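Enquirer: My questions all concern the structure below.
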Protein chains: 4
Amino acid sequence: MPKLTNAQAGELARNVQLIVMDVDGVLTDGKIIISADGSETKNFDVKDGYGMAMAMFRGIRIAWISGRYSKVTDLRAAELGIDHVIQNCRDKHKALTGLCGEVNINLENVMFIGDDTIDLPAMKVAAISIAVADAHPAVIEAADWVTTNRGGNGAVREAIDLVLDQ
Amino acid sequence: MPKLTNAQAGELARNVQLIVMDVDGVLTDGKIIISADGSETKNFDVKDGYGMAMAMFRGIRIAWISGRYSKVTDLRAAELGIDHVIQNCRDKHKALTGLCGEVNINLENVMFIGDDTIDLPAMKVAAISIAVADAHPAVIEAADWVTTNRGGNGAVREAIDLVLDQ
Amino acid sequence: MPKLTNAQAGELARNVQLIVMDVDGVLTDGKIIISADGSETKNFDVKDGYGMAMAMFRGIRIAWISGRYSKVTDLRAAELGIDHVIQNCRDKHKALTGLCGEVNINLENVMFIGDDTIDLPAMKVAAISIAVADAHPAVIEAADWVTTNRGGNGAVREAIDLVLDQ
Amino acid sequence: MPKLTNAQAGELARNVQLIVMDVDGVLTDGKIIISADGSETKNFDVKDGYGMAMAMFRGIRIAWISGRYSKVTDLRAAELGIDHVIQNCRDKHKALTGLCGEVNINLENVMFIGDDTIDLPAMKVAAISIAVADAHPAVIEAADWVTTNRGGNGAVREAIDLVLDQ
C-alpha cells in the first residue's frame with residue numbers, strides 16, 4: 001500500500017524540481033485509438049495541460065518518457081512546450097538517470113508518475129513516486145502516493161498541485 | 001463549499017439574461033483529442049446543445065470563452081448559432097466585462113459556468129457561478145452551485161434547466 | 001417515476017412488433033464528436049448492434065428517428081440493415097404515427113426508446129416507453145421503464161432483450 | 001453466477017497455453033466508432049497490449065476471434081505481433097476448435113475471454129472461460145470467472161495476469 005499521507009506527500013513534493021511521467025495511461029486514459037488508415041489519436045486532458053504550463057512557469061521541469069512511439073505525443077508536447085520527450089523507451093530507469101545528469105537535477109528532487117509495471121524501476125529511484133488511480137495493482141502497491149483521478153482525467157494535475165501546493 | 005441550495009440557485013437563475021461558459025471541460029469532457037496529422041477533435045454533448053437552442057429561443061444569450069483556440073469550437077458554435085465565441089483568452093474577467101458592455105447586460109444578470117482556476121476571476125463577478133461536477137477542487141470551492149453531471153456530459157444542460165426552470 | 005416493474009415491462013414488451021428509438025444519446029453516448037475538417041464521428045455500441053440484428057431476424061422491425069442529421073447515422077444504419085431511418089425530425093410524434101401507417105403496425109405494438117424532452121410526444125403514444133439510464137430527468141419521470149445501462153452502452157440491447165425475453 | 005474463486009481460477013490458469021478472445025467489447029470498450037467517410041476507429045487499451053506482449057514472450061499463444069470485420073483490428077494485431085486473427089466469424093466454437101488443431105493445443109489448455117452471447121459456444125468448451133465486467137448478463141452467468149475491469153479498460157490484462165501469476 002502507498003506509504004505517504006497527503007501531508008507527507010506534500011512535504012516531499014516541495015523539493016521537486018523535475019516531474020517525469022509516462023504518457024499512455026498517465027497523460028491519457030490509456031486508450032490506443034487506431035483509425036482505418038493506421039494513424040493514431042490520443043486523448044489528453046485540458047486540466048493536466050494547464051497544470052504543466054503553471055509548473056513550467058514556476059521553473060519546474062517536466063519530462064515525458066513513453067515505452068511506445070507516437071507522433072501525437074510529439075505534437076502535444078510541442079503545443080505545451082515540453083522540452084524533454086523520450087519515446088520508444090524500454091528502460092525507464094536508465095532514461096531517468098540519463099535525463100537527471102543532462103539537466104543536472106538529483107533524483108532526490110524528482111517526482112515520477114506511472115501506471116504500469118514498466119514504470120516501476122524508475123519509480124523506485126525517484127524521491128516521490130505516484131501512481132494514477134487506475135494504475136496496475138503492482139504499481140499502486142509500490143507507489144508512495146496514489147491520485148484520486150484516473151490517468152488522462154486530471155491525475156497529472158493532482159500531482160502537480162501537490163508540488164505547487166495548491 | 002458551494003453556497004446555494006437548489007432553491008436559492010433557481011431563484012437567482014430566474015434573472016439570468018446571459019449564460020457564459022468555458023469550452024474544454026465544460027462543454028466537453030476536457031479531452032484534448034489530437035490526431036496524427038495534428039488536427040484536433042472535440043466531444044460535445046447532444047443534450048447541452050438542445051438546451052442552448054431552447055435558451056436562445058427564449059431570448060437568453062449564450063457566450064463561450066475559451067483559454068485555448070480550436071477550429072472545432074468555431075464549427076460547433078456555428079452549428080448551434082452561438083453569436084459570442086471568444087477564444088485564446090487569458091483574462092476571462094476582462095473578456096466577460098467587455099462582453100457585458102457590448103450586449104448591454106449587467107453582471108447581475110450573468111451566469112458563468114467553469115471548471116478550472118483560470119475561470120475563477122470571471123466566476124467571482126457573475127451573479128451566479130456554477131462549477132461542473134468534475135471541476136478543479138478550487139473551482140468547486142468557489143462556485144455558488146455545482147452540477148451533478150460532469151463537463152461534456154450534460155452539465156451545461158443542467159445549468160440551463162435552472163434558468164429555464166425545467 | 002417509471003410505472004412498470006420488470007415483470008410488467010416484460011409482459012408489455014411481448015406484444016412489440018416495432019421498436020423505435022432516438023439516435024444521439026440512445027444509440028450513442030450523446031457525444032457530438034467534431035473534427036477540424038467539420039466532419040462528425042459517432043460512437044455506437046457493439047452489443048446494441050447485435051441485439052438489433054437478432055430482433056430483425058425474429059421479424060421485429062427497427063426504426064431510428066433523430067432530431068439532427070448526420071451522415072454517420074446513415075452509414076451505421078446501412079451496415080445493420082435498418083430500413084427506417086428518419087433524420088432532421090422536429091416532430092417525433094408525427095414521424096412515429098406516419099411510420100406506423102406506412103408499415104401497418106398499431107401504436108399498441110410499438111416500443112419507443114428516448115433520452116431527451118424532444119422524445120416525449122412520441123413516448124407518450126407508444127405502448128411502452130423506455131428511457132435510457134442517463135436520460136433527461138423529465139424523460140426518466142415520464143417513461144414506463146428505465147434501462148440500467150446508459151445510452152450508447154448497451155441500453156438499446158437491454159430494451160431489445162425485454163422484447164426477445166432473453 | 002461464476003463458479004470459480006480467484007484461487008481456483010489462478011489454479012486453472014496455470015495450465016493455459018492459448019488465450020483466445022473476442023475483439024469488440026473485450027479488447028475494446030465496445031464502441032463502434034464511425035466517421036463521416038465511413039472509416040472505423042477502435043479504442044484499444046495500453047495495459048492489455050503490454051500484457052499480451054509479456055504473455056507471448058513467455059511462450060503463451062494469443063488469438064483474436066471477431067464476429068465483425070475491421071481493418072483496424074488487423075492493424076493493432078500487426079503492431080502487437082498477434083499471429084492468429086480470425087474475423088467475420090459467425091461460429092466461434094468451430095473457429096476455436098479449428099485453431100486448436102492448427103496450433104496443436106488441447107481445449108483443456110485454452111482460456112477464452114468474451115462479452116456477448118455469440119461467445120458462449122466457445123466459452124463452454126474452453127478450460128477456463130472469462131467474462132469482462134460489463135459483459136451481457138447471460139455471459140456473466142455462464143463464465144467461470146469475471147474480471148473487475150470493463151472491456152477495453154484492462155480486462156484482458158487482468159485475465160493475462162492470472163495466467164502469468166502476477
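Residue numbering restarts at 1 for every chain of the C-alpha cells, chains are lettered A, B, ... in their displayed order, and ligands are numbered from 1 as they appear.
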Could you list, with a cut-off of 12 Å and counting only C-alpha atoms, the residues of range 29-122 of chain D near range 117-131 of chain A, each shown with its nearest atom pair and the distance in Å rounded to one decimal, rows sorted by chain and ascending number, as a Markdown table?

Expert:
| residue | atom | partner | partner_atom | distance |
| --- | --- | --- | --- | --- |
| D:Val46 | CA | A:Ile118 | CA | 11.8 |
| D:Lys47 | CA | A:Thr117 | CA | 9.4 |
| D:Tyr50 | CA | A:Ile118 | CA | 9.0 |
| D:Gly51 | CA | A:Thr117 | CA | 10.0 |
| D:Met54 | CA | A:Ile118 | CA | 10.9 |

Enquirer: Just to be explicit: take each residue in the selection above, keep N, CA and C atoms, and write the result as a compact mmCIF listing (two decimals), in the first residue's frame.

Expert:
# COMPACT_ATOMS: atom_id res chain seq x y z
N VAL D 46 -3.79 0.27 -23.51
CA VAL D 46 -2.33 0.12 -23.49
C VAL D 46 -1.89 -0.98 -22.53
N LYS D 47 -2.57 -1.16 -21.40
CA LYS D 47 -2.16 -2.20 -20.44
C LYS D 47 -2.44 -3.59 -20.99
N TYR D 50 0.44 -4.44 -23.36
CA TYR D 50 1.68 -4.80 -22.65
C TYR D 50 1.54 -6.21 -22.07
N GLY D 51 0.38 -6.55 -21.58
CA GLY D 51 0.14 -7.89 -21.04
C GLY D 51 0.27 -8.96 -22.12
N MET D 54 3.92 -9.51 -22.93
CA MET D 54 4.59 -10.31 -21.89
C MET D 54 4.21 -11.78 -22.00

Enquirer: I need the chain B residues near chain C as a VMD selection string; criterion: at most 6 Å, counting only C-alpha atoms.

Expert: chain B and resid 39 to 46 72

Enquirer: Could you take the residues named above and write them with N, CA, C and O atoms, as an mmCIF file, in the first residue's frame?

Expert:
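Okay, selection26.cif is ready:
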data_model
loop_
_atom_site.group_PDB
_atom_site.id
_atom_site.type_symbol
_atom_site.label_atom_id
_atom_site.label_comp_id
_atom_site.auth_asym_id
_atom_site.auth_seq_id
_atom_site.Cartn_x
_atom_site.Cartn_y
_atom_site.Cartn_z
ATOM 1 N N SER B 39 -4.456 17.562 -36.308
ATOM 2 C CA SER B 39 -5.795 18.140 -36.177
ATOM 3 C C SER B 39 -6.415 17.738 -34.840
ATOM 4 O O SER B 39 -6.026 16.749 -34.224
ATOM 5 N N GLU B 40 -7.380 18.541 -34.404
ATOM 6 C CA GLU B 40 -7.994 18.319 -33.109
ATOM 7 C C GLU B 40 -9.468 17.945 -33.271
ATOM 8 O O GLU B 40 -10.136 18.381 -34.200
ATOM 9 N N THR B 41 -9.946 17.134 -32.347
ATOM 10 C CA THR B 41 -11.343 16.705 -32.317
ATOM 11 C C THR B 41 -11.885 17.041 -30.932
ATOM 12 O O THR B 41 -11.145 17.034 -29.955
ATOM 13 N N LYS B 42 -13.157 17.391 -30.845
ATOM 14 C CA LYS B 42 -13.761 17.624 -29.537
ATOM 15 C C LYS B 42 -15.073 16.847 -29.418
ATOM 16 O O LYS B 42 -15.773 16.641 -30.389
ATOM 17 N N ASN B 43 -15.384 16.463 -28.172
ATOM 18 C CA ASN B 43 -16.638 15.771 -27.848
ATOM 19 C C ASN B 43 -17.612 16.744 -27.187
ATOM 20 O O ASN B 43 -17.424 17.098 -26.022
ATOM 21 N N PHE B 44 -18.626 17.175 -27.902
ATOM 22 C CA PHE B 44 -19.677 17.978 -27.293
ATOM 23 C C PHE B 44 -20.827 17.053 -26.889
ATOM 24 O O PHE B 44 -20.841 15.877 -27.237
ATOM 25 N N ASP B 45 -21.805 17.592 -26.173
ATOM 26 C CA ASP B 45 -22.903 16.767 -25.665
ATOM 27 C C ASP B 45 -24.219 17.163 -26.329
ATOM 28 O O ASP B 45 -24.552 18.355 -26.381
ATOM 29 N N VAL B 46 -24.958 16.189 -26.788
ATOM 30 C CA VAL B 46 -26.189 16.499 -27.530
ATOM 31 C C VAL B 46 -27.233 17.189 -26.646
ATOM 32 O O VAL B 46 -27.940 18.081 -27.115
ATOM 33 N N VAL B 72 -12.463 23.633 -34.085
ATOM 34 C CA VAL B 72 -13.642 22.810 -33.828
ATOM 35 C C VAL B 72 -14.671 23.578 -32.990
ATOM 36 O O VAL B 72 -15.880 23.420 -33.163
#

Enquirer: Just the alpha helix (DSSP H) stuff from chain D, please, per backbone DSSP, written as JSON, numbers by chain.

Expert: {"D": [6, 7, 8, 9, 10, 11, 12, 13, 46, 47, 48, 49, 50, 51, 52, 53, 54, 55, 56, 57, 71, 72, 73, 74, 75, 76, 77, 78, 79, 80, 92, 93, 94, 95, 96, 97, 98, 99, 100, 101, 102, 103, 120, 121, 122, 123, 124, 125, 137, 138, 139, 140, 141, 142, 155, 156, 157, 158, 159, 160, 161, 162, 163, 164]}

Enquirer: Excluding same-chain residues fewer than 4 positions from range 153-164 of chain D, what lies within 6 Å of it counting only C-alpha atoms, as a PyMOL selection string?

Expert: chain D and resi 10+13-14+45+47-48+51+132+147+149

Enquirer: I need the residues from that last selection saved to file as a CSV table (one decimal), in the first residue's frame (with all heavy atoms), if you can.

Expert:
chain,number,residue,atom,x,y,z
D,10,GLY,N,-6.9,-19.0,-10.6
D,10,GLY,CA,-5.5,-19.0,-10.8
D,10,GLY,C,-4.9,-20.4,-11.0
D,10,GLY,O,-4.0,-20.6,-11.8
D,13,ALA,N,-5.7,-21.4,-14.5
D,13,ALA,CA,-5.0,-20.6,-15.5
D,13,ALA,C,-3.5,-21.0,-15.6
D,13,ALA,O,-2.9,-20.7,-16.7
D,13,ALA,CB,-5.1,-19.1,-15.0
D,14,ARG,N,-3.0,-21.7,-14.6
D,14,ARG,CA,-1.6,-22.1,-14.7
D,14,ARG,C,-1.3,-23.0,-15.9
D,14,ARG,O,-0.2,-23.1,-16.3
D,14,ARG,CB,-1.2,-22.7,-13.4
D,14,ARG,CG,0.1,-22.1,-12.8
D,14,ARG,CD,0.2,-22.4,-11.3
D,14,ARG,NE,-0.7,-21.7,-10.5
D,14,ARG,CZ,-0.8,-21.8,-9.2
D,14,ARG,NH1,0.0,-22.6,-8.5
D,14,ARG,NH2,-1.7,-21.1,-8.5
D,45,ASP,N,-6.5,-0.9,-25.4
D,45,ASP,CA,-6.0,-0.4,-24.1
D,45,ASP,C,-4.5,-0.7,-24.0
D,45,ASP,O,-4.1,-1.8,-24.3
D,45,ASP,CB,-6.8,-1.2,-23.0
D,45,ASP,CG,-6.3,-0.8,-21.6
D,45,ASP,OD1,-6.8,0.2,-21.1
D,45,ASP,OD2,-5.5,-1.5,-21.0
D,47,LYS,N,-2.6,-1.2,-21.4
D,47,LYS,CA,-2.2,-2.2,-20.4
D,47,LYS,C,-2.4,-3.6,-21.0
D,47,LYS,O,-1.7,-4.5,-20.8
D,47,LYS,CB,-2.9,-2.0,-19.1
D,47,LYS,CG,-2.4,-0.8,-18.3
D,47,LYS,CD,-2.9,-0.9,-16.9
D,47,LYS,CE,-2.8,0.5,-16.2
D,47,LYS,NZ,-3.9,1.4,-16.6
D,48,ASP,N,-3.5,-3.7,-21.7
D,48,ASP,CA,-3.8,-5.0,-22.4
D,48,ASP,C,-2.7,-5.4,-23.3
D,48,ASP,O,-2.2,-6.5,-23.4
D,48,ASP,CB,-5.1,-5.0,-23.2
D,48,ASP,CG,-6.4,-5.0,-22.3
D,48,ASP,OD1,-6.2,-5.1,-21.0
D,48,ASP,OD2,-7.5,-4.8,-22.8
D,51,GLY,N,0.4,-6.5,-21.6
D,51,GLY,CA,0.1,-7.9,-21.0
D,51,GLY,C,0.3,-9.0,-22.1
D,51,GLY,O,0.9,-10.0,-21.9
D,132,VAL,N,-15.8,-10.3,-19.3
D,132,VAL,CA,-15.4,-8.9,-18.8
D,132,VAL,C,-16.5,-8.4,-17.9
D,132,VAL,O,-17.7,-8.8,-18.0
D,132,VAL,CB,-15.1,-8.0,-20.0
D,132,VAL,CG1,-14.0,-8.6,-20.9
D,132,VAL,CG2,-16.4,-7.8,-20.8
D,147,THR,N,-13.9,-10.6,-14.8
D,147,THR,CA,-12.9,-9.6,-14.4
D,147,THR,C,-13.5,-8.4,-13.6
D,147,THR,O,-14.7,-8.2,-13.7
D,147,THR,CB,-12.2,-9.0,-15.7
D,147,THR,OG1,-13.2,-8.3,-16.4
D,147,THR,CG2,-11.6,-10.1,-16.5
D,149,ASN,N,-12.4,-5.3,-14.2
D,149,ASN,CA,-12.3,-4.2,-15.2
D,149,ASN,C,-13.2,-4.5,-16.4
D,149,ASN,O,-13.5,-5.6,-16.7
D,149,ASN,CB,-10.8,-4.1,-15.7
D,149,ASN,CG,-9.9,-3.6,-14.7
D,149,ASN,OD1,-10.2,-2.6,-14.0
D,149,ASN,ND2,-8.8,-4.3,-14.4

Enquirer: Please compute the CA of Asn6 in chain B-CA of Met56 in chain B distance, one decimal, in Å.

Expert: 23.0 Å

Enquirer: DSSP on the backbone: which residues in range 5-164 of chain D end up as strand (DSSP E or B)? Give the answer as a ChimeraX atom specification.

Expert: /D:18-21,31-35,40-45,61-65,84-86,110-114,128-131,145-146

Enquirer: Generate a file of the selected residues that holds C-alpha atoms, formatted as a compact mmCIF listing (two decimals), in the first residue's frame.

Expert:
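New file selection-v5.txt:
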# COMPACT_ATOMS: atom_id res chain seq x y z
CA LEU D 18 -3.50 -20.40 -25.57
CA ILE D 19 -5.57 -17.33 -24.69
CA VAL D 20 -8.40 -16.64 -27.15
CA MET D 21 -10.54 -13.52 -27.01
CA LYS D 31 -17.72 1.35 -29.16
CA ILE D 32 -18.21 1.06 -32.90
CA ILE D 33 -16.75 4.44 -33.88
CA ILE D 34 -17.74 5.54 -37.37
CA SER D 35 -16.54 8.67 -39.17
CA GLU D 40 -13.89 2.94 -38.47
CA THR D 41 -11.80 3.67 -35.38
CA LYS D 42 -11.24 1.45 -32.35
CA ASN D 43 -10.06 2.12 -28.79
CA PHE D 44 -7.61 -0.50 -27.54
CA ASP D 45 -6.03 -0.44 -24.08
CA ARG D 61 -0.13 -18.02 -27.70
CA ILE D 62 -2.72 -15.29 -28.21
CA ALA D 63 -5.63 -15.42 -30.69
CA TRP D 64 -8.42 -12.98 -31.52
CA ILE D 65 -11.80 -14.10 -32.92
CA HIS D 84 -3.92 -15.66 -35.03
CA VAL D 85 -6.65 -13.22 -36.02
CA ILE D 86 -9.97 -14.60 -37.24
CA VAL D 110 -7.33 -22.81 -23.52
CA MET D 111 -8.69 -19.65 -21.87
CA PHE D 112 -11.50 -17.81 -23.69
CA ILE D 113 -12.46 -14.21 -22.87
CA GLY D 114 -15.86 -12.99 -24.12
CA ILE D 128 -11.46 -21.58 -18.35
CA SER D 129 -13.99 -19.04 -19.60
CA ILE D 130 -13.79 -15.39 -18.56
CA ALA D 131 -16.36 -12.62 -18.90
CA TRP D 145 -14.64 -16.07 -13.72
CA VAL D 146 -15.43 -12.36 -14.23

Enquirer: What does the distance from CA of Ile60 in chain D to CA of Leu99 in chain D come to in Å, to one decimal?

Expert: 14.3 Å

Enquirer: I'd like the interatomic distance between CA of Cys100 in chain C and CA of Glu141 in chain C, to a tenth of an Å.

Expert: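 Rounded to one decimal, the two atoms are 25.3 Å apart.
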